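Chemist: Coordinates in work27.txt, compact mmCIF, C-alpha atoms, are listed below.
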# COMPACT_ATOMS: atom_id res chain seq x y z
CA MET A 1 2.45 12.98 3.72
CA ARG A 2 0.21 15.89 2.81
CA LYS A 3 -3.55 15.66 3.07
CA GLU A 4 -5.27 15.08 -0.24
CA LYS A 5 -8.88 14.70 -1.19
CA MET A 6 -9.62 11.01 -1.64
CA ASN A 7 -11.15 10.97 -5.08
CA LYS A 8 -9.53 8.03 -6.83
CA LYS A 9 -11.45 4.78 -7.06
CA LEU A 10 -9.72 1.40 -7.06
CA THR A 11 -11.60 -1.64 -8.32
CA MET A 12 -10.22 -5.16 -8.19
CA TYR A 13 -11.43 -8.69 -8.61
CA VAL A 14 -10.73 -11.31 -5.93
CA GLN A 15 -12.16 -14.67 -5.05
CA PRO A 16 -15.32 -14.43 -2.91
CA SER A 17 -13.72 -16.51 -0.15
CA LEU A 18 -10.67 -14.19 -0.02
CA HIS A 19 -12.95 -11.16 0.15
CA ALA A 20 -14.98 -12.70 2.96
CA ASP A 21 -11.85 -13.60 4.95
CA PHE A 22 -10.32 -10.17 4.36
CA HIS A 23 -13.55 -8.41 5.36
CA ALA A 24 -13.76 -10.48 8.54
CA SER A 25 -10.12 -9.73 9.39
CA CYS A 26 -10.64 -6.00 8.82
CA SER A 27 -13.82 -5.98 10.86
CA SER A 28 -12.14 -7.76 13.75
CA GLN A 29 -9.67 -4.84 13.87
CA TYR A 30 -12.54 -2.28 13.61
CA LYS A 31 -11.27 -1.05 10.24
CA THR A 32 -12.88 -0.82 6.84
CA ILE A 33 -11.44 -2.63 3.84
CA SER A 34 -10.57 0.78 2.35
CA GLU A 35 -8.56 1.77 5.42
CA VAL A 36 -6.56 -1.44 5.35
CA VAL A 37 -5.91 -1.28 1.61
CA ARG A 38 -4.72 2.35 1.96
CA ASP A 39 -2.41 1.31 4.81
CA LEU A 40 -1.02 -1.56 2.72
CA MET A 41 -0.47 0.75 -0.25
CA LEU A 42 1.36 3.33 1.89
CA GLN A 43 3.54 0.63 3.44
CA TYR A 44 4.37 -0.79 0.00
CA VAL A 45 5.33 2.62 -1.40
CA GLN A 46 7.51 3.40 1.63
CA GLU A 47 9.32 0.06 1.29
CA TYR A 48 9.79 0.59 -2.44
CA LYS A 49 11.23 4.07 -1.90
CA LYS A 50 13.56 2.72 0.78
CA CYS A 51 14.80 -0.02 -1.59
CA GLN A 52 15.23 2.48 -4.42
CA SER A 53 17.28 4.86 -2.26
CA GLY A 54 19.45 1.91 -1.18
CA LYS A 55 20.06 0.99 -4.81
CA GLU A 56 21.05 4.56 -5.61
CA THR A 57 23.52 4.54 -2.70
CA ALA A 58 24.99 1.21 -3.86
CA ARG A 59 25.35 2.52 -7.42
CA SER A 60 27.18 5.66 -6.29
CA VAL A 61 29.60 3.53 -4.20
CA GLU A 62 30.26 1.23 -7.20
CA LYS A 63 31.12 4.21 -9.41
CA ASN A 64 33.74 5.51 -6.94
Just give me the structure as structure tokens.
Modeler:
Amino acid sequence: MRKEKMNKKLTMYVQPSLHADFHASCSSQYKTISEVVRDLMLQYVQEYKKCQSGKETARSVEKN
């Protein structure tokens, strides 16, 4: 993945207890919430792309 300037802001609402637990979990791994959310987003996109490419392969097999 190419380096890009990080200039997009993501705002979300979560329960205070979930935020506190998530913050504590991130801190215990010496990571910021932003780092972990970026990692989760990257992982999600990679999985989605993998599933999409599998669907395309299955469709091309069905057509033949």
Chemist: Select all residues near (-11.2, 7.2, 1.7) (cut-off 12 Å, inclusive, file coordinates), counting only C-alpha atoms, and output them as a list in words.
Modeler: Lys3, Glu4, Lys5, Met6, Asn7, Lys8, Lys9, Leu10, Lys31, Thr32, Ile33, Ser34, Glu35, Val36, Val37, Arg38 and Asp39 of chain A
Chemist: CA of Tyr48 in chain A to CA of Cys26 in chain A: how many Å, to one decimal?
Modeler: 24.2 Å
Chemist: For CA of Ser28 in chain A and CA of Arg2 in chain A, quote the distance in Å rounded to one decimal.
Modeler: 28.8 Å
Chemist: What does the distance from CA of Glu47 in chain A to CA of Asp21 in chain A come to in Å, to one decimal?
Modeler: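 Computing the Euclidean distance for CA of Glu47 in chain A and CA of Asp21 in chain A yields 25.5 Å.
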